[in-house]
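Asks: Okay, so here is upload.cif, and as you'll see once you scroll down, it has mmCIF, C-alpha atoms.
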```
data_final
#
loop_
_atom_site.label_atom_id
_atom_site.label_comp_id
_atom_site.auth_asym_id
_atom_site.auth_seq_id
_atom_site.Cartn_x
_atom_site.Cartn_y
_atom_site.Cartn_z
CA MET A 1199 6.05 -12.09 -2.30
CA GLN A 1200 8.28 -9.73 -4.22
CA LYS A 1201 10.25 -7.01 -2.48
CA PRO A 1202 9.60 -3.47 -3.67
CA ILE A 1203 12.33 -1.37 -5.22
CA TYR A 1204 12.91 1.75 -3.14
CA ALA A 1205 14.14 5.21 -4.07
CA ASN A 1206 16.20 5.50 -0.88
CA HIS A 1207 16.24 4.47 2.77
CA LYS A 1208 13.54 6.97 3.79
CA HIS A 1209 11.23 5.66 1.06
CA LYS A 1210 11.91 2.10 2.20
CA THR A 1211 11.07 2.89 5.83
CA ILE A 1212 7.83 4.68 4.93
CA ILE A 1213 6.58 2.08 2.47
CA GLU A 1214 7.51 -0.95 4.59
CA ALA A 1215 5.62 0.47 7.58
CA TYR A 1216 2.56 1.12 5.42
CA ILE A 1217 2.60 -2.31 3.80
CA SER A 1218 3.02 -3.94 7.21
CA MET A 1219 0.10 -2.03 8.68
CA CYS A 1220 -2.19 -2.86 5.76
CA LYS A 1221 -1.24 -6.53 5.88
CA ASP A 1222 -1.82 -6.68 9.64
CA PHE A 1223 -5.27 -5.12 9.29
CA ALA A 1224 -6.26 -7.45 6.44
CA LYS A 1225 -5.02 -10.55 8.25
CA GLU A 1226 -6.83 -9.62 11.47
CA ALA A 1227 -10.04 -8.76 9.60
CA ALA A 1228 -10.21 -11.86 7.38
CA PRO A 1229 -7.52 -14.48 8.05
CA LYS A 1230 -9.17 -16.99 5.67
CA LYS A 1231 -8.99 -14.54 2.76
CA PHE A 1232 -5.54 -13.19 3.56
CA GLU A 1233 -3.75 -15.23 0.88
CA SER A 1234 -5.93 -13.60 -1.79
CA TYR A 1235 -5.00 -10.21 -0.37
CA LEU A 1236 -1.29 -11.07 -0.61
CA GLU A 1237 -1.68 -12.18 -4.24
CA ILE A 1238 -3.04 -8.77 -5.22
CA LEU A 1239 -0.40 -6.99 -3.15
CA ASP A 1240 2.22 -8.91 -5.12
CA ILE A 1241 0.71 -7.62 -8.38
CA ILE A 1242 0.91 -4.04 -7.08
CA ILE A 1243 4.57 -4.50 -6.11
CA GLU A 1244 5.34 -6.08 -9.49
CA TYR A 1245 3.74 -3.08 -11.24
CA HIS A 1246 5.72 -0.70 -9.02
CA ASN A 1247 9.00 -2.53 -9.66
CA ASN A 1248 8.47 -2.58 -13.43
CA TYR A 1249 7.20 0.98 -13.76
CA GLY A 1250 9.34 2.98 -16.12
CA SER A 1251 10.04 0.20 -18.56
CA GLY A 1252 7.35 1.50 -20.95
CA ALA A 1253 7.98 4.34 -23.36
CA LYS A 1254 5.70 6.81 -21.55
CA GLU A 1255 6.25 5.58 -17.98
CA ASN A 1256 9.01 7.65 -16.50
CA ASN A 1257 7.61 10.00 -13.88
CA TYR A 1258 9.53 9.66 -10.60
CA TRP A 1259 6.72 11.08 -8.44
CA ASP A 1260 4.14 8.78 -10.01
CA TRP A 1261 6.42 5.84 -9.28
CA LEU A 1262 6.78 6.83 -5.62
CA MET A 1263 2.98 6.88 -5.25
CA ILE A 1264 2.15 3.56 -6.95
CA ILE A 1265 2.26 1.46 -3.79
CA PRO A 1266 0.48 3.93 -1.45
CA ILE A 1267 -2.36 4.69 -3.84
CA ASN A 1268 -2.94 1.18 -5.12
CA LEU A 1269 -2.52 -0.46 -1.72
CA SER A 1270 -4.93 2.00 -0.12
CA VAL A 1271 -7.57 1.38 -2.78
CA MET A 1272 -7.03 -2.39 -2.66
CA THR A 1273 -7.27 -2.53 1.14
CA ASN A 1274 -10.42 -0.40 1.22
CA GLY A 1275 -11.94 -2.65 -1.45
CA PHE A 1276 -10.95 -5.72 0.56
CA PHE A 1277 -12.62 -4.23 3.63
CA ALA A 1278 -15.79 -3.46 1.64
CA GLY A 1279 -15.92 -7.04 0.43
CA ILE A 1280 -15.62 -8.60 3.88
CA GLU A 1281 -17.70 -6.13 5.91
CA THR A 1282 -20.70 -7.58 7.71
CA LYS A 1283 -23.01 -6.22 10.41
CA ARG A 1284 -20.96 -8.09 12.99
CA ASN A 1285 -17.51 -6.81 11.98
CA ALA A 1286 -18.55 -3.34 10.75
CA PRO A 1287 -17.20 -1.40 13.76
CA THR A 1288 -13.79 -3.07 13.41
CA ILE A 1289 -13.68 -2.55 9.64
CA ARG A 1290 -14.63 1.11 10.02
CA THR A 1291 -11.86 1.58 12.56
CA TYR A 1292 -9.35 -0.01 10.17
CA ARG A 1293 -10.58 2.25 7.35
CA THR A 1294 -10.19 5.36 9.49
CA LEU A 1295 -6.66 4.41 10.55
CA LEU A 1296 -5.75 3.49 6.97
CA ASN A 1297 -6.99 6.83 5.65
CA GLU A 1298 -5.10 8.78 8.31
CA MET A 1299 -1.90 6.86 7.66
CA VAL A 1300 -2.07 7.27 3.88
CA ILE A 1301 -2.45 11.05 4.28
CA ASP A 1302 0.62 11.09 6.53
CA LEU A 1303 2.49 8.80 4.12
CA VAL A 1304 1.78 11.05 1.13
CA THR A 1305 3.05 14.05 3.10
CA GLN A 1306 6.27 12.18 3.89
CA ILE A 1307 6.72 11.02 0.29
CA ASP A 1308 6.34 14.59 -0.97
CA LYS A 1309 9.46 15.44 1.05
CA ILE A 1310 11.60 12.70 -0.54
CA GLU A 1311 14.32 14.11 -2.73
CA PRO A 1312 15.15 12.24 -5.96
CA VAL A 1313 18.58 11.26 -4.61
CA ASP A 1314 19.69 7.77 -3.58
CA ASP A 1315 20.92 7.47 0.03
#
```
As structure tokens, what does this structure read like?
Replies:
Amino acid sequence: MQKPIYANHKHKTIIEAYISMCKDFAKEAAPKKFESYLEILDIIIEYHNNYGSGAKENNYWDWLMIIPINLSVMTNGFFAGIETKRNAPTIRTYRTLLNEMVIDLVTQIDKIEPVDD
């Protein structure tokens, strides 16, 4: 898996914690489908790392939010695809925690200054 490019140390800490949490939830919820999850995560990181190379792709704040937004949507979609009657309580708990963490993450990212540490 590729490593994301970070704006600074604070950005790195925030994003790594979020990626780790999402990966842990996905692996616990569906270990047999986890490799597929990682493949899509790699595509998100590749998009994040290459953002800005296009003529109209140069917004710093958009770049900071690529991983949180896309990873949140991907993980919720993954959960929807694997949810059954038997695992529904667990999946709903993961969704709730994911949604709370992404709100906190966005708040933290809004405070990041466009300066490299």
Asks: Would you please work out which residue, of A:Asp1222, A:Asp1308, A:Glu1233, A:Asp1240, is nearest to A:Ile1265 when using all atoms listed in the file?
Replies: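 Of A:Asp1222, A:Asp1308, A:Glu1233, A:Asp1240, the one nearest A:Ile1265 is A:Asp1240, counting all atoms listed in the file.
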Asks: Find, counting all atoms listed in the file, the residue in A:Leu1262, A:Ile1243, A:Leu1296, A:Lys1230 that gets nearest to A:Lys1208.
Replies: A:Leu1262
Asks: Show me the residues close to (-11.6, -9.7, 7.0) - anything with an atom within 8 Å, counting all atoms listed in the file - and format the list as a list in words.
Replies: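 Those residues, ordered by chain and then number, are Ala1224, Lys1225, Glu1226, Ala1227, Ala1228, Pro1229, Lys1230, Lys1231, Phe1232, Phe1276, Phe1277, Ile1280, Glu1281 and Ile1289 of chain A.
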Asks: Go through A:Ile1310, A:Thr1282, A:Lys1201, A:Ile1242 one by one, measure the shortest atom-to-atom distance of each to A:Tyr1258 using all atoms listed in the file, and give the residue with the smallest value.
Replies: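 Closest residue, counting all atoms listed in the file: A:Ile1310.
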Asks: For the structure provided, state which residues fall under the PyMOL selection byres ((chain A and resi 1211-1219) around 9), and present them as a PyMOL selection string.
Replies: chain A and resi 1202+1204+1206-1210+1220-1224+1239+1265-1266+1269+1296+1299-1300+1303+1306-1307
Asks: Report the distance between atom CA of A:Ile1203 and atom CA of A:Asn1274 in Å, rounded to one decimal place.
Replies: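 Answer for the atom CA of A:Ile1203 to atom CA of A:Asn1274 separation: 23.7 Å.
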Asks: Which distance in Å separates atom CA of A:Ala1205 and atom CA of A:Tyr1292, to one decimal?
Replies: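 Value for the atom CA of A:Ala1205-atom CA of A:Tyr1292 distance: 28.0 Å.
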Asks: Just checking: using only C-alpha atoms, which residue out of A:Thr1305, A:Ser1251, A:Glu1237, A:Thr1273 ends up closest to A:Met1199?
Replies: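 Looking only at the distances to A:Met1199, the closest residue turns out to be A:Glu1237.
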Asks: Between atom CA of A:Val1271 and atom CA of A:His1246, what is the distance in Å, rounded to a tenth?
Replies: 14.8 Å
Asks: Hey, which of A:Ala1286, A:Ile1264, A:Met1272, A:Ala1278 ends up closest to A:Asn1248? Count all atoms listed in the file.
Replies: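 With all atoms listed in the file as the atom set, the closest residue is A:Ile1264.
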